[in-house]
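Notes for the one structure printed next.
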Amino acid sequence: MKSEPRSAYRLAIVAALATGLILLWVIGAVGLIGVEGDPFDRSYGGVLAVGMMGALVARFRPRGMAHAMVAAAFAQALVAVIALIIGKQHSPVSSVVEILGLNGFFVVLWVVSARLFLRASRLWASADARVSG
C-alpha cells in the first residue's frame, strides 16, 4: 500500500529537480535578467542553494521538502524584487513584465513542487494510519 505515497514523492522530486534544471538551463542559454551572462543571474544560485539546503535540513522527508520548496519560491521572488529595486528593468532587454513574469513562472513551479510534497506527506500519513490502525 506504500506505492501510492512513494509515487507521489517521486513525482514531487521530479518536479523539484526539473524546476532547478530548467532554471539553470534558462540562465545558461539566454539569462533570466538582462543580457546573457549578466552577473546578476548568479543570484539564482542562492535560490538553488536555499532549495538544496532546505532538502538537507529536512532530510528529504516530504513535509520538510514542502517547506524547502516554499523557501525556494520565496527566494526566487526575492531575487525578482531585488532586481527591480536595483533597476534591472531599465536594461533594454528586461522589462518589469519580463522580470515578474519569468520569475513568477519559477515561483509557481516551486510551489507546485511544494504542493506535491505535501500530498506525498498526507498519503504517507494516511498509509501509516491504516497500517497501525
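If you're wondering about the labels, chains in the C-alpha cells are A, B, ... by order shown, residues count from 1 in each chain, ligands from 1 in order shown.
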
Can you check which residues of segment 10-98 of chain A DSSP gives as helix (DSSP H, G or I) on the backbone and send them as a PyMOL selection string?
-> chain A and resi 10-29+39-57+62-85+88-90+96-98

Could you pull the residues within 9 Å of Ile99 of chain A, counting only C-alpha atoms, minus those fewer than 3 positions along the same chain, as a PDB file with C-alpha atoms, in the first residue's frame?
```
ATOM      1  CA  LEU A  32      16.906  35.389 -16.852  1.00  0.00           C
ATOM      2  CA  ILE A  33      17.534  39.056 -16.186  1.00  0.00           C
ATOM      3  CA  ALA A  80      12.966  39.467  -8.677  1.00  0.00           C
ATOM      4  CA  VAL A  81      12.208  42.160  -6.099  1.00  0.00           C
ATOM      5  CA  ALA A  83      16.300  43.117  -9.465  1.00  0.00           C
ATOM      6  CA  LEU A  84      13.547  45.708  -9.614  1.00  0.00           C
ATOM      7  CA  LYS A  88      17.358  45.905 -13.825  1.00  0.00           C
ATOM      8  CA  GLN A  89      14.088  46.761 -15.577  1.00  0.00           C
ATOM      9  CA  SER A  94      14.481  43.357 -19.353  1.00  0.00           C
ATOM     10  CA  SER A  95      11.160  44.967 -18.559  1.00  0.00           C
ATOM     11  CA  VAL A  96       9.150  44.832 -15.344  1.00  0.00           C
ATOM     12  CA  LEU A 102       9.698  34.819 -15.738  1.00  0.00           C
ATOM     13  CA  ASN A 103      10.332  34.779 -12.015  1.00  0.00           C
ATOM     14  CA  GLY A 104       6.631  34.266 -11.350  1.00  0.00           C
TER      15      GLY A 104
END
```

For Gly28 of chain A, list every protein, DNA or RNA residue within 12 Å, evaluated using only C-alpha atoms, and leave out those in the same chain fewer than 2 positions away; present the list as a PyMOL selection string.
-> chain A and resi 21-26+30-33+35-39+41-42+44-45

Based on the selection just made, write N, CA and C atoms of those residues as an mmCIF file, in the first residue's frame.
```
data_model
loop_
_atom_site.group_PDB
_atom_site.id
_atom_site.type_symbol
_atom_site.label_atom_id
_atom_site.label_comp_id
_atom_site.auth_asym_id
_atom_site.auth_seq_id
_atom_site.Cartn_x
_atom_site.Cartn_y
_atom_site.Cartn_z
ATOM 1 N N LEU A 21 16.603 22.424 -12.814
ATOM 2 C CA LEU A 21 17.310 22.247 -14.081
ATOM 3 C C LEU A 21 16.834 23.229 -15.145
ATOM 4 N N ILE A 22 15.542 23.479 -15.199
ATOM 5 C CA ILE A 22 15.022 24.465 -16.154
ATOM 6 C C ILE A 22 15.568 25.850 -15.821
ATOM 7 N N LEU A 23 15.627 26.170 -14.531
ATOM 8 C CA LEU A 23 16.186 27.460 -14.111
ATOM 9 C C LEU A 23 17.634 27.574 -14.578
ATOM 10 N N LEU A 24 18.438 26.541 -14.350
ATOM 11 C CA LEU A 24 19.832 26.555 -14.797
ATOM 12 C C LEU A 24 19.934 26.661 -16.319
ATOM 13 N N TRP A 25 19.074 25.936 -17.012
ATOM 14 C CA TRP A 25 19.093 25.944 -18.465
ATOM 15 C C TRP A 25 18.776 27.346 -19.008
ATOM 16 N N VAL A 26 17.745 27.990 -18.480
ATOM 17 C CA VAL A 26 17.373 29.327 -18.943
ATOM 18 C C VAL A 26 18.505 30.317 -18.667
ATOM 19 N N VAL A 30 20.081 31.926 -22.128
ATOM 20 C CA VAL A 30 19.809 33.318 -22.502
ATOM 21 C C VAL A 30 19.896 34.287 -21.333
ATOM 22 N N GLY A 31 19.961 33.774 -20.129
ATOM 23 C CA GLY A 31 19.935 34.648 -18.960
ATOM 24 C C GLY A 31 18.506 34.963 -18.577
ATOM 25 N N LEU A 32 18.266 35.124 -17.325
ATOM 26 C CA LEU A 32 16.906 35.389 -16.852
ATOM 27 C C LEU A 32 16.651 36.881 -16.740
ATOM 28 N N ILE A 33 17.661 37.602 -16.332
ATOM 29 C CA ILE A 33 17.534 39.056 -16.186
ATOM 30 C C ILE A 33 18.685 39.695 -16.942
ATOM 31 N N VAL A 35 21.048 40.829 -20.153
ATOM 32 C CA VAL A 35 21.589 40.110 -21.304
ATOM 33 C C VAL A 35 22.221 38.800 -20.851
ATOM 34 N N GLU A 36 22.467 37.930 -21.800
ATOM 35 C CA GLU A 36 23.119 36.659 -21.489
ATOM 36 C C GLU A 36 24.462 36.931 -20.811
ATOM 37 N N GLY A 37 24.694 36.225 -19.700
ATOM 38 C CA GLY A 37 25.940 36.392 -18.968
ATOM 39 C C GLY A 37 25.923 37.530 -17.954
ATOM 40 N N ASP A 38 24.761 38.153 -17.754
ATOM 41 C CA ASP A 38 24.658 39.227 -16.757
ATOM 42 C C ASP A 38 25.034 38.668 -15.388
ATOM 43 N N PRO A 39 25.965 39.307 -14.681
ATOM 44 C CA PRO A 39 26.386 38.802 -13.374
ATOM 45 C C PRO A 39 25.236 38.671 -12.365
ATOM 46 N N ASP A 41 22.507 37.257 -12.764
ATOM 47 C CA ASP A 41 21.931 35.912 -12.853
ATOM 48 C C ASP A 41 22.557 34.942 -11.857
ATOM 49 N N ARG A 42 23.729 35.273 -11.356
ATOM 50 C CA ARG A 42 24.343 34.426 -10.327
ATOM 51 C C ARG A 42 23.522 34.404 -9.043
ATOM 52 N N TYR A 44 20.613 33.619 -8.742
ATOM 53 C CA TYR A 44 19.756 32.435 -8.747
ATOM 54 C C TYR A 44 20.444 31.220 -8.142
ATOM 55 N N GLY A 45 21.752 31.280 -8.024
ATOM 56 C CA GLY A 45 22.464 30.239 -7.291
ATOM 57 C C GLY A 45 21.986 30.187 -5.851
#
```

Spatial neighbours of segment 64-71 of chain A, max dist 8 Å, only C-alpha atoms, sep filter under 6 positions, as number ranges by chain = A: 16, 50-55, 57-58, 110-111, 113-118

Could you dump the residues just selected with C-alpha atoms as a CSV table (one decimal), in the first residue's frame?
```csv
chain,number,residue,atom,x,y,z
A,16,ALA,CA,11.7,20.0,-7.9
A,50,VAL,CA,18.0,27.5,-0.4
A,51,GLY,CA,16.3,24.5,-2.0
A,52,MET,CA,19.2,22.2,-1.6
A,53,MET,CA,20.0,23.3,2.0
A,54,GLY,CA,16.3,23.0,2.9
A,55,ALA,CA,16.2,19.5,1.5
A,57,VAL,CA,17.8,20.1,6.7
A,58,ALA,CA,14.5,18.3,6.1
A,110,TRP,CA,8.5,25.7,-6.8
A,111,VAL,CA,5.0,26.0,-5.2
A,113,SER,CA,6.6,21.0,-6.2
A,114,ALA,CA,5.8,22.0,-2.6
A,115,ARG,CA,2.1,21.0,-3.0
A,116,LEU,CA,3.2,17.6,-4.4
A,117,PHE,CA,5.5,17.1,-1.4
A,118,LEU,CA,2.5,17.9,0.9
```

Go through A:Ala18, A:Phe105, A:Leu78, A:Arg63 and flag the residue nearest Ser121 of chain A, using only C-alpha atoms for the distances.
->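 Looking only at the distances to Ser121 of chain A, the closest residue turns out to be A:Arg63.
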
What does the distance between atom CA of Ala120 of chain A and atom CA of Pro62 of chain A come to in Å, to one decimal place?
-> 6.2 Å

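The two atoms in question, atom CA of Ala127 of chain A and atom CA of Leu17 of chain A, are spaced 25.6 Å apart.
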
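Of the residues listed (A:Gly20, A:Pro5, A:Val14, A:Gly34), A:Gly34 shows the shortest atom-to-atom separation from Glu98 of chain A; distances use only C-alpha atoms.
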
For atom CA of Ala72 of chain A and atom CA of Leu48 of chain A, the interatomic separation in Å (one decimal) | 7.0 Å
